[in-house]
>>> print(open('run-v8.pdb').read())   # PDB, C-alpha atoms, pLDDT in the B column
ATOM      1  CA  MET A   9      -9.376  -3.858   9.013  1.00 88.00           C
ATOM      2  CA  ASN A  10      -7.609  -6.648   7.169  1.00 88.00           C
ATOM      3  CA  ARG A  11      -7.375  -6.460   3.387  1.00 94.00           C
ATOM      4  CA  MET A  12      -7.543  -9.375   0.939  1.00 93.00           C
ATOM      5  CA  HIS A  13      -4.364  -9.824  -1.120  1.00 94.00           C
ATOM      6  CA  ILE A  14      -4.179 -11.511  -4.522  1.00 95.00           C
ATOM      7  CA  HIS A  15      -0.905 -11.765  -6.452  1.00 94.00           C
ATOM      8  CA  LEU A  16      -0.869 -12.839 -10.107  1.00 91.00           C
ATOM      9  CA  SER A  17       2.031 -13.955 -12.249  1.00 90.00           C
ATOM     10  CA  VAL A  18       1.570 -12.468 -15.737  1.00 91.00           C
ATOM     11  CA  GLU A  19       3.250 -12.822 -19.123  1.00 89.00           C
ATOM     12  CA  SER A  20       3.034  -9.151 -20.162  1.00 91.00           C
ATOM     13  CA  LEU A  21       2.906  -6.606 -17.377  1.00 93.00           C
ATOM     14  CA  GLU A  22       2.073  -3.838 -19.866  1.00 93.00           C
ATOM     15  CA  LYS A  23      -0.972  -5.678 -21.281  1.00 92.00           C
ATOM     16  CA  SER A  24      -2.149  -6.793 -17.847  1.00 91.00           C
ATOM     17  CA  VAL A  25      -1.811  -3.302 -16.351  1.00 93.00           C
ATOM     18  CA  ALA A  26      -3.870  -1.889 -19.244  1.00 92.00           C
ATOM     19  CA  PHE A  27      -6.567  -4.548 -18.741  1.00 85.00           C
ATOM     20  CA  TYR A  28      -6.810  -4.277 -14.946  1.00 89.00           C
ATOM     21  CA  SER A  29      -6.600  -0.462 -14.966  1.00 90.00           C
ATOM     22  CA  LYS A  30      -9.724  -0.444 -17.127  1.00 89.00           C
ATOM     23  CA  LEU A  31     -11.401  -3.176 -15.083  1.00 76.00           C
ATOM     24  CA  PHE A  32     -10.758  -1.378 -11.780  1.00 86.00           C
ATOM     25  CA  GLY A  33     -11.297   2.125 -13.227  1.00 86.00           C
ATOM     26  CA  THR A  34      -7.981   3.382 -11.859  1.00 92.00           C
ATOM     27  CA  GLU A  35      -4.240   3.202 -12.471  1.00 96.00           C
ATOM     28  CA  PRO A  36      -1.925   1.154 -10.220  1.00 97.00           C
ATOM     29  CA  THR A  37      -0.836   2.580  -6.879  1.00 97.00           C
ATOM     30  CA  VAL A  38       2.660   1.147  -7.512  1.00 96.00           C
ATOM     31  CA  LEU A  39       4.048   0.586 -11.000  1.00 97.00           C
ATOM     32  CA  LYS A  40       7.543  -0.759 -11.692  1.00 96.00           C
ATOM     33  CA  ALA A  41       9.089  -2.458 -14.722  1.00 95.00           C
ATOM     34  CA  ASP A  42       8.296  -5.908 -13.274  1.00 94.00           C
ATOM     35  CA  TYR A  43       5.504  -5.221 -10.774  1.00 95.00           C
ATOM     36  CA  ALA A  44       2.180  -3.422 -10.353  1.00 96.00           C
ATOM     37  CA  LYS A  45      -0.150  -3.063  -7.388  1.00 96.00           C
ATOM     38  CA  TRP A  46      -3.603  -1.603  -6.856  1.00 95.00           C
ATOM     39  CA  MET A  47      -4.711  -0.817  -3.289  1.00 96.00           C
ATOM     40  CA  LEU A  48      -8.437  -0.866  -3.931  1.00 94.00           C
ATOM     41  CA  GLU A  49     -11.164   0.167  -1.525  1.00 92.00           C
ATOM     42  CA  ASP A  50     -14.103  -1.279  -3.469  1.00 81.00           C
ATOM     43  CA  PRO A  51     -13.555  -4.162  -3.243  1.00 85.00           C
ATOM     44  CA  ARG A  52     -11.030  -3.802  -0.390  1.00 91.00           C
ATOM     45  CA  VAL A  53      -8.131  -5.717  -1.884  1.00 94.00           C
ATOM     46  CA  ASN A  54      -4.382  -5.451  -2.441  1.00 93.00           C
ATOM     47  CA  PHE A  55      -4.235  -6.728  -6.028  1.00 93.00           C
ATOM     48  CA  ALA A  56      -0.663  -7.212  -7.259  1.00 93.00           C
ATOM     49  CA  MET A  57       1.101  -8.810 -10.191  1.00 91.00           C
ATOM     50  CA  SER A  58       4.646  -9.456 -11.294  1.00 90.00           C
ATOM     51  CA  SER A  59       6.256 -10.627 -14.484  1.00 89.00           C
ATOM     52  CA  ASN A  60       9.145 -12.978 -13.806  1.00 82.00           C
ATOM     53  CA  PRO A  61      10.685 -15.044 -16.611  1.00 82.00           C
ATOM     54  CA  GLY A  62      10.052 -18.754 -16.263  1.00 78.00           C
ATOM     55  CA  THR A  63       7.165 -18.558 -13.802  1.00 79.00           C
ATOM     56  CA  LYS A  64       3.820 -20.194 -14.375  1.00 81.00           C
ATOM     57  CA  ARG A  65       1.004 -17.735 -15.049  1.00 88.00           C
ATOM     58  CA  GLY A  66      -2.083 -17.284 -12.934  1.00 89.00           C
ATOM     59  CA  ILE A  67      -2.690 -16.873  -9.229  1.00 88.00           C
ATOM     60  CA  GLU A  68       0.681 -17.073  -7.518  1.00 85.00           C
ATOM     61  CA  HIS A  69      -0.572 -16.736  -3.953  1.00 87.00           C
ATOM     62  CA  ILE A  70      -3.387 -15.269  -1.884  1.00 91.00           C
ATOM     63  CA  GLY A  71      -3.045 -13.445   1.383  1.00 90.00           C
ATOM     64  CA  ILE A  72      -4.351 -11.252   4.149  1.00 91.00           C
ATOM     65  CA  GLN A  73      -2.731  -7.865   4.686  1.00 92.00           C
ATOM     66  CA  SER A  74      -3.145  -6.449   8.186  1.00 93.00           C
ATOM     67  CA  GLU A  75      -3.091  -2.765   9.063  1.00 93.00           C
ATOM     68  CA  ASN A  76      -1.337  -3.161  12.426  1.00 95.00           C
ATOM     69  CA  ALA A  77       0.545  -5.645  14.601  1.00 94.00           C
ATOM     70  CA  GLU A  78      -2.549  -6.545  16.663  1.00 95.00           C
ATOM     71  CA  GLU A  79      -4.513  -7.540  13.542  1.00 92.00           C
ATOM     72  CA  LEU A  80      -1.516  -9.506  12.241  1.00 94.00           C
ATOM     73  CA  ALA A  81      -1.257 -11.402  15.532  1.00 93.00           C
ATOM     74  CA  GLY A  82      -4.936 -12.325  15.179  1.00 91.00           C
ATOM     75  CA  VAL A  83      -4.409 -13.605  11.631  1.00 89.00           C
ATOM     76  CA  TYR A  84      -1.320 -15.558  12.757  1.00 90.00           C
ATOM     77  CA  GLY A  85      -3.407 -17.159  15.515  1.00 90.00           C
ATOM     78  CA  ARG A  86      -6.114 -18.202  13.054  1.00 87.00           C
ATOM     79  CA  ILE A  87      -3.484 -19.656  10.724  1.00 86.00           C
ATOM     80  CA  GLN A  88      -2.118 -21.702  13.624  1.00 86.00           C
ATOM     81  CA  ASP A  89      -5.649 -22.853  14.521  1.00 85.00           C
ATOM     82  CA  ALA A  90      -6.164 -23.991  10.898  1.00 82.00           C
ATOM     83  CA  GLY A  91      -3.496 -26.638  11.500  1.00 79.00           C
ATOM     84  CA  GLY A  92      -1.388 -26.465   8.344  1.00 74.00           C
ATOM     85  CA  ALA A  93       2.363 -26.089   8.004  1.00 77.00           C
ATOM     86  CA  ILE A  94       3.550 -22.591   8.906  1.00 82.00           C
ATOM     87  CA  PHE A  95       6.682 -20.784   7.859  1.00 81.00           C
ATOM     88  CA  ASP A  96       7.314 -17.677   9.956  1.00 81.00           C
ATOM     89  CA  GLU A  97       9.399 -15.550   7.616  1.00 82.00           C
ATOM     90  CA  GLY A  98       9.483 -12.595  10.009  1.00 81.00           C
ATOM     91  CA  ALA A  99      10.893  -9.286   8.784  1.00 84.00           C
ATOM     92  CA  THR A 100      11.629  -9.333   5.063  1.00 85.00           C
ATOM     93  CA  THR A 101      11.802  -7.226   1.922  1.00 80.00           C
ATOM     94  CA  CYS A 102       9.573  -8.282  -0.964  1.00 79.00           C
ATOM     95  CA  CYS A 103       7.480  -6.631  -3.673  1.00 79.00           C
ATOM     96  CA  TYR A 104       9.062  -3.199  -3.110  1.00 82.00           C
ATOM     97  CA  ALA A 105       8.034  -3.247   0.556  1.00 84.00           C
ATOM     98  CA  GLN A 106       9.365  -4.040   4.013  1.00 86.00           C
ATOM     99  CA  SER A 107       7.045  -6.503   5.703  1.00 89.00           C
ATOM    100  CA  GLU A 108       6.540  -8.860   8.583  1.00 89.00           C
ATOM    101  CA  LYS A 109       4.999 -12.111   7.317  1.00 90.00           C
ATOM    102  CA  ASN A 110       4.355 -15.789   7.558  1.00 87.00           C
ATOM    103  CA  TRP A 111       3.088 -18.413   5.120  1.00 87.00           C
ATOM    104  CA  THR A 112       0.891 -21.477   5.089  1.00 84.00           C
ATOM    105  CA  VAL A 113      -0.816 -23.641   2.489  1.00 81.00           C
ATOM    106  CA  ASP A 114      -4.438 -24.730   2.406  1.00 80.00           C
ATOM    107  CA  PRO A 115      -5.456 -28.409   2.046  1.00 74.00           C
ATOM    108  CA  ASP A 116      -5.275 -28.088  -1.753  1.00 71.00           C
ATOM    109  CA  GLY A 117      -1.790 -26.560  -1.700  1.00 78.00           C
ATOM    110  CA  ILE A 118      -2.718 -22.910  -2.324  1.00 81.00           C
ATOM    111  CA  ALA A 119      -0.132 -20.612  -0.758  1.00 84.00           C
ATOM    112  CA  TRP A 120      -1.451 -18.078   1.763  1.00 87.00           C
ATOM    113  CA  GLU A 121       0.585 -15.112   2.957  1.00 88.00           C
ATOM    114  CA  ALA A 122      -0.234 -13.128   6.112  1.00 89.00           C
ATOM    115  CA  PHE A 123       1.625  -9.837   6.368  1.00 90.00           C
ATOM    116  CA  LEU A 124       1.967  -6.300   7.660  1.00 92.00           C
ATOM    117  CA  THR A 125       3.709  -3.766   5.426  1.00 89.00           C
ATOM    118  CA  ASN A 126       6.049  -1.436   7.318  1.00 88.00           C
ATOM    119  CA  GLY A 127       7.378   0.716   4.480  1.00 86.00           C
ATOM    120  CA  GLU A 128       8.441   0.956   0.857  1.00 86.00           C
ATOM    121  CA  VAL A 129      11.832   0.124  -0.644  1.00 78.00           C
ATOM    122  CA  THR A 130      13.393   0.786  -4.047  1.00 85.00           C
ATOM    123  CA  GLU A 131      14.187  -2.872  -4.902  1.00 82.00           C
ATOM    124  CA  TYR A 132      11.804  -5.766  -5.512  1.00 75.00           C
ATOM    125  CA  GLY A 133      13.494  -7.737  -2.744  1.00 73.00           C
ATOM    126  CA  ASN A 134      13.366 -11.470  -2.099  1.00 74.00           C
ATOM    127  CA  ARG A 135      12.255 -13.826  -4.838  1.00 65.00           C
ATOM    128  CA  VAL A 136      11.802 -17.178  -3.201  1.00 55.00           C
ATOM    129  CA  ASP A 137      11.254 -20.500  -4.944  1.00 53.00           C
ATOM    130  CA  LEU A 138       7.539 -21.283  -4.864  1.00 49.00           C
ATOM    131  CA  ASP A 139       8.282 -24.876  -5.909  1.00 52.00           C
ATOM    132  CA  GLN A 140       8.804 -25.448  -2.204  1.00 54.00           C
ATOM    133  CA  LEU A 141       5.046 -25.206  -1.812  1.00 50.00           C
ATOM    134  CA  THR A 142       2.456 -27.449  -3.369  1.00 49.00           C
ATOM    135  CA  SER A 143       0.521 -24.918  -5.464  1.00 43.00           C
ATOM    136  CA  ASP A 144       0.457 -25.730  -9.181  1.00 47.00           C
ATOM    137  CA  ASN A 145       1.336 -22.088  -9.816  1.00 45.00           C
ATOM    138  CA  ALA A 146       4.388 -22.245  -7.597  1.00 43.00           C
ATOM    139  CA  SER A 147       7.534 -21.877  -9.674  1.00 42.00           C
ATOM    140  CA  ASP A 148      11.192 -20.911  -9.609  1.00 44.00           C
ATOM    141  CA  GLY A 149      12.127 -17.308  -8.973  1.00 46.00           C
ATOM    142  CA  ALA A 150       8.680 -16.095  -8.035  1.00 44.00           C
ATOM    143  CA  CYS A 151       7.969 -13.722  -5.198  1.00 49.00           C
ATOM    144  CA  CYS A 152       7.572 -14.074  -2.283  1.00 51.00           C
ATOM    145  CA  THR A 153       6.994 -17.499  -0.805  1.00 47.00           C
ATOM    146  CA  PRO A 154       9.593 -19.244   1.345  1.00 47.00           C
ATOM    147  CA  GLN A 155      10.250 -22.931   1.794  1.00 44.00           C
ATOM    148  CA  MET A 156       7.620 -24.546   3.964  1.00 46.00           C
ATOM    149  CA  ALA A 157       8.326 -27.070   6.660  1.00 46.00           C
ATOM    150  CA  PRO A 158       6.152 -30.160   6.317  1.00 47.00           C
ATOM    151  CA  ALA A 159       2.910 -30.131   8.273  1.00 46.00           C
ATOM    152  CA  PRO A 160       3.098 -32.070  11.519  1.00 45.00           C
ATOM    153  CA  SER A 161       1.832 -35.583  10.988  1.00 44.00           C
ATOM    154  CA  ALA A 162      -1.568 -36.086  12.455  1.00 43.00           C
ATOM    155  CA  SER A 163      -2.275 -39.033  14.691  1.00 42.00           C
ATOM    156  CA  PRO A 164      -4.647 -41.489  13.128  1.00 41.00           C
ATOM    157  CA  SER A 165      -8.197 -40.686  14.088  1.00 40.00           C
ATOM    158  CA  CYS A 166     -10.417 -43.236  15.656  1.00 43.00           C
ATOM    159  CA  CYS A 167     -13.581 -44.659  14.101  1.00 41.00           C
TER     160      CYS A 167
END
>>> encode(input="run-v8.pdb", output="structure tokens")
Amino acid sequence: MNRMHIHLSVESLEKSVAFYSKLFGTEPTVLKADYAKWMLEDPRVNFAMSSNPGTKRGIEHIGIQSENAEELAGVYGRIQDAGGAIFDEGATTCCYAQSEKNWTVDPDGIAWEAFLTNGEVTEYGNRVDLDQLTSDNASDGACCTPQMAPAPSASPSCC
């Protein structure tokens, strides 16, 4: 079953972890000096945050985390059907995890990540410039969004 993913950019990781730990009624599953993640079952969500100097605060990106390659292929197919620009990042290291992922943006410029986590790592990994996307919360040095190719131009519709 796919899991919703929400990643926030926060000013103070310590204050945010305290707040969300109380809100969710549990401590983070992963806690690092610059990153925290809760793998919640109710609601079923991968809720993560990072504190990177110079980034805008708020929702950084939203995503869908798959549990296996078959689910991920289904999500990739739906992203392609949605018709936006797609960046197939492939195998990468980000947010203390090894993943397979791709990216798109919705019509309002919100970054969407589709991914399958294959294992943990000891380093944060790639921090890609979110300014390459159109989200207002995209900013330099933030995880984990790559540069997007422009969406294919649509032919003018008739009548």
>>> closest_residue(input="run-v8.pdb", among="A:Asn134, A:Thr63, A:Gln88, A:Thr34", to="Gln106 of chain A", atoms="all atoms listed in the file")
A:Asn134
>>> residues_near_point(input="run-v8.pdb", point="(-4.4, -1.6, -11.7)", cutoff="6 Å", atoms="all atoms listed in the file", output="number ranges by chain")
A: 25, 28-29, 35-36, 46
>>> closest_residue(input="run-v8.pdb", among="A:Thr100, A:Thr130, A:Gln73, A:Ser24", to="Arg11 of chain A", atoms="all atoms listed in the file")
A:Gln73
>>> resolve_selection(input="run-v8.pdb", expression="the PyMOL selection byres ((chain A and resi 92) around 8)", output="PDB file with C-alpha atoms, keeping the file's coordinate frame")
ATOM      1  CA  ILE A  87      -3.484 -19.656  10.724  1.00 86.00           C
ATOM      2  CA  GLN A  88      -2.118 -21.702  13.624  1.00 86.00           C
ATOM      3  CA  ALA A  90      -6.164 -23.991  10.898  1.00 82.00           C
ATOM      4  CA  GLY A  91      -3.496 -26.638  11.500  1.00 79.00           C
ATOM      5  CA  ALA A  93       2.363 -26.089   8.004  1.00 77.00           C
ATOM      6  CA  ILE A  94       3.550 -22.591   8.906  1.00 82.00           C
ATOM      7  CA  THR A 112       0.891 -21.477   5.089  1.00 84.00           C
ATOM      8  CA  VAL A 113      -0.816 -23.641   2.489  1.00 81.00           C
ATOM      9  CA  ASP A 114      -4.438 -24.730   2.406  1.00 80.00           C
ATOM     10  CA  PRO A 115      -5.456 -28.409   2.046  1.00 74.00           C
ATOM     11  CA  ALA A 159       2.910 -30.131   8.273  1.00 46.00           C
ATOM     12  CA  PRO A 160       3.098 -32.070  11.519  1.00 45.00           C
TER      13      PRO A 160
END
>>> closest_residue(input="run-v8.pdb", among="A:Cys103, A:Val18, A:Ile118, A:Leu48", to="Pro61 of chain A", atoms="all atoms listed in the file")
A:Val18
>>> decode(input="run-v8.pdb", residues="segment 48-131 of chain A", atoms="C-alpha atoms", output="PDB file, in the first residue's frame")
ATOM      1  CA  LEU A  48       2.919   6.930  10.992  1.00  0.00           C
ATOM      2  CA  GLU A  49       0.221   4.314  10.572  1.00  0.00           C
ATOM      3  CA  ASP A  50      -2.726   6.480  11.635  1.00  0.00           C
ATOM      4  CA  PRO A  51      -2.812   8.425   9.428  1.00  0.00           C
ATOM      5  CA  ARG A  52      -0.588   6.373   7.084  1.00  0.00           C
ATOM      6  CA  VAL A  53       1.997   8.997   6.228  1.00  0.00           C
ATOM      7  CA  ASN A  54       5.758   9.475   5.978  1.00  0.00           C
ATOM      8  CA  PHE A  55       6.023  12.893   7.641  1.00  0.00           C
ATOM      9  CA  ALA A  56       9.529  14.362   7.407  1.00  0.00           C
ATOM     10  CA  MET A  57      11.230  17.675   8.034  1.00  0.00           C
ATOM     11  CA  SER A  58      14.663  19.169   7.607  1.00  0.00           C
ATOM     12  CA  SER A  59      16.330  22.344   8.737  1.00  0.00           C
ATOM     13  CA  ASN A  60      18.582  23.770   6.049  1.00  0.00           C
ATOM     14  CA  PRO A  61      19.955  27.312   6.324  1.00  0.00           C
ATOM     15  CA  GLY A  62      18.537  29.675   3.737  1.00  0.00           C
ATOM     16  CA  THR A  63      15.505  27.609   2.754  1.00  0.00           C
ATOM     17  CA  LYS A  64      11.976  28.926   2.804  1.00  0.00           C
ATOM     18  CA  ARG A  65       9.816  27.426   5.546  1.00  0.00           C
ATOM     19  CA  GLY A  66       6.680  25.402   5.023  1.00  0.00           C
ATOM     20  CA  ILE A  67       5.777  22.487   2.798  1.00  0.00           C
ATOM     21  CA  GLU A  68       8.831  21.693   0.707  1.00  0.00           C
ATOM     22  CA  HIS A  69       7.298  18.879  -1.326  1.00  0.00           C
ATOM     23  CA  ILE A  70       4.641  16.182  -1.197  1.00  0.00           C
ATOM     24  CA  GLY A  71       4.999  12.632  -2.376  1.00  0.00           C
ATOM     25  CA  ILE A  72       3.884   9.044  -2.589  1.00  0.00           C
ATOM     26  CA  GLN A  73       6.101   6.370  -1.065  1.00  0.00           C
ATOM     27  CA  SER A  74       5.615   2.894  -2.515  1.00  0.00           C
ATOM     28  CA  GLU A  75       6.332  -0.346  -0.689  1.00  0.00           C
ATOM     29  CA  ASN A  76       7.596  -2.269  -3.730  1.00  0.00           C
ATOM     30  CA  ALA A  77       8.680  -1.864  -7.350  1.00  0.00           C
ATOM     31  CA  GLU A  78       5.265  -2.886  -8.736  1.00  0.00           C
ATOM     32  CA  GLU A  79       3.484  -0.153  -6.750  1.00  0.00           C
ATOM     33  CA  LEU A  80       6.133   2.383  -7.798  1.00  0.00           C
ATOM     34  CA  ALA A  81       5.641   1.469 -11.461  1.00  0.00           C
ATOM     35  CA  GLY A  82       1.911   2.099 -11.017  1.00  0.00           C
ATOM     36  CA  VAL A  83       2.540   5.520  -9.467  1.00  0.00           C
ATOM     37  CA  TYR A  84       5.020   6.365 -12.251  1.00  0.00           C
ATOM     38  CA  GLY A  85       2.365   5.436 -14.822  1.00  0.00           C
ATOM     39  CA  ARG A  86      -0.219   7.689 -13.174  1.00  0.00           C
ATOM     40  CA  ILE A  87       2.289  10.546 -13.068  1.00  0.00           C
ATOM     41  CA  GLN A  88       2.884  10.094 -16.797  1.00  0.00           C
ATOM     42  CA  ASP A  89      -0.883  10.030 -17.427  1.00  0.00           C
ATOM     43  CA  ALA A  90      -1.231  13.323 -15.498  1.00  0.00           C
ATOM     44  CA  GLY A  91       0.754  14.997 -18.281  1.00  0.00           C
ATOM     45  CA  GLY A  92       3.179  17.225 -16.387  1.00  0.00           C
ATOM     46  CA  ALA A  93       6.941  17.473 -16.720  1.00  0.00           C
ATOM     47  CA  ILE A  94       8.720  14.435 -15.285  1.00  0.00           C
ATOM     48  CA  PHE A  95      12.251  14.105 -14.023  1.00  0.00           C
ATOM     49  CA  ASP A  96      13.282  10.473 -13.577  1.00  0.00           C
ATOM     50  CA  GLU A  97      15.999  10.735 -10.951  1.00  0.00           C
ATOM     51  CA  GLY A  98      16.434   6.965 -10.696  1.00  0.00           C
ATOM     52  CA  ALA A  99      18.619   5.557  -7.925  1.00  0.00           C
ATOM     53  CA  THR A 100      19.724   8.232  -5.474  1.00  0.00           C
ATOM     54  CA  THR A 101      20.665   8.922  -1.872  1.00  0.00           C
ATOM     55  CA  CYS A 102      18.588  11.517  -0.035  1.00  0.00           C
ATOM     56  CA  CYS A 103      17.184  12.064   3.453  1.00  0.00           C
ATOM     57  CA  TYR A 104      19.370   9.337   4.998  1.00  0.00           C
ATOM     58  CA  ALA A 105      17.966   6.746   2.587  1.00  0.00           C
ATOM     59  CA  GLN A 106      18.727   5.009  -0.693  1.00  0.00           C
ATOM     60  CA  SER A 107      15.781   5.421  -3.029  1.00  0.00           C
ATOM     61  CA  GLU A 108      14.495   5.066  -6.540  1.00  0.00           C
ATOM     62  CA  LYS A 109      12.461   8.155  -7.473  1.00  0.00           C
ATOM     63  CA  ASN A 110      11.050  10.569  -9.959  1.00  0.00           C
ATOM     64  CA  TRP A 111       9.538  14.045  -9.701  1.00  0.00           C
ATOM     65  CA  THR A 112       6.773  16.092 -11.243  1.00  0.00           C
ATOM     66  CA  VAL A 113       4.946  19.320 -10.465  1.00  0.00           C
ATOM     67  CA  ASP A 114       1.207  19.885 -10.335  1.00  0.00           C
ATOM     68  CA  PRO A 115      -0.502  22.689 -12.314  1.00  0.00           C
ATOM     69  CA  ASP A 116       0.148  25.114  -9.439  1.00  0.00           C
ATOM     70  CA  GLY A 117       3.846  24.245  -9.223  1.00  0.00           C
ATOM     71  CA  ILE A 118       3.763  22.000  -6.137  1.00  0.00           C
ATOM     72  CA  ALA A 119       6.585  19.462  -6.284  1.00  0.00           C
ATOM     73  CA  TRP A 120       5.554  15.800  -6.092  1.00  0.00           C
ATOM     74  CA  GLU A 121       8.017  13.002  -5.408  1.00  0.00           C
ATOM     75  CA  ALA A 122       7.291   9.329  -6.144  1.00  0.00           C
ATOM     76  CA  PHE A 123       9.750   6.937  -4.536  1.00  0.00           C
ATOM     77  CA  LEU A 124      10.674   3.536  -3.167  1.00  0.00           C
ATOM     78  CA  THR A 125      13.130   3.408  -0.270  1.00  0.00           C
ATOM     79  CA  ASN A 126      15.683   0.601  -0.573  1.00  0.00           C
ATOM     80  CA  GLY A 127      17.725   1.136   2.590  1.00  0.00           C
ATOM     81  CA  GLU A 128      19.197   3.562   5.092  1.00  0.00           C
ATOM     82  CA  VAL A 129      22.485   5.454   4.856  1.00  0.00           C
ATOM     83  CA  THR A 130      24.504   7.463   7.373  1.00  0.00           C
ATOM     84  CA  GLU A 131      24.614  10.732   5.363  1.00  0.00           C
TER      85      GLU A 131
END
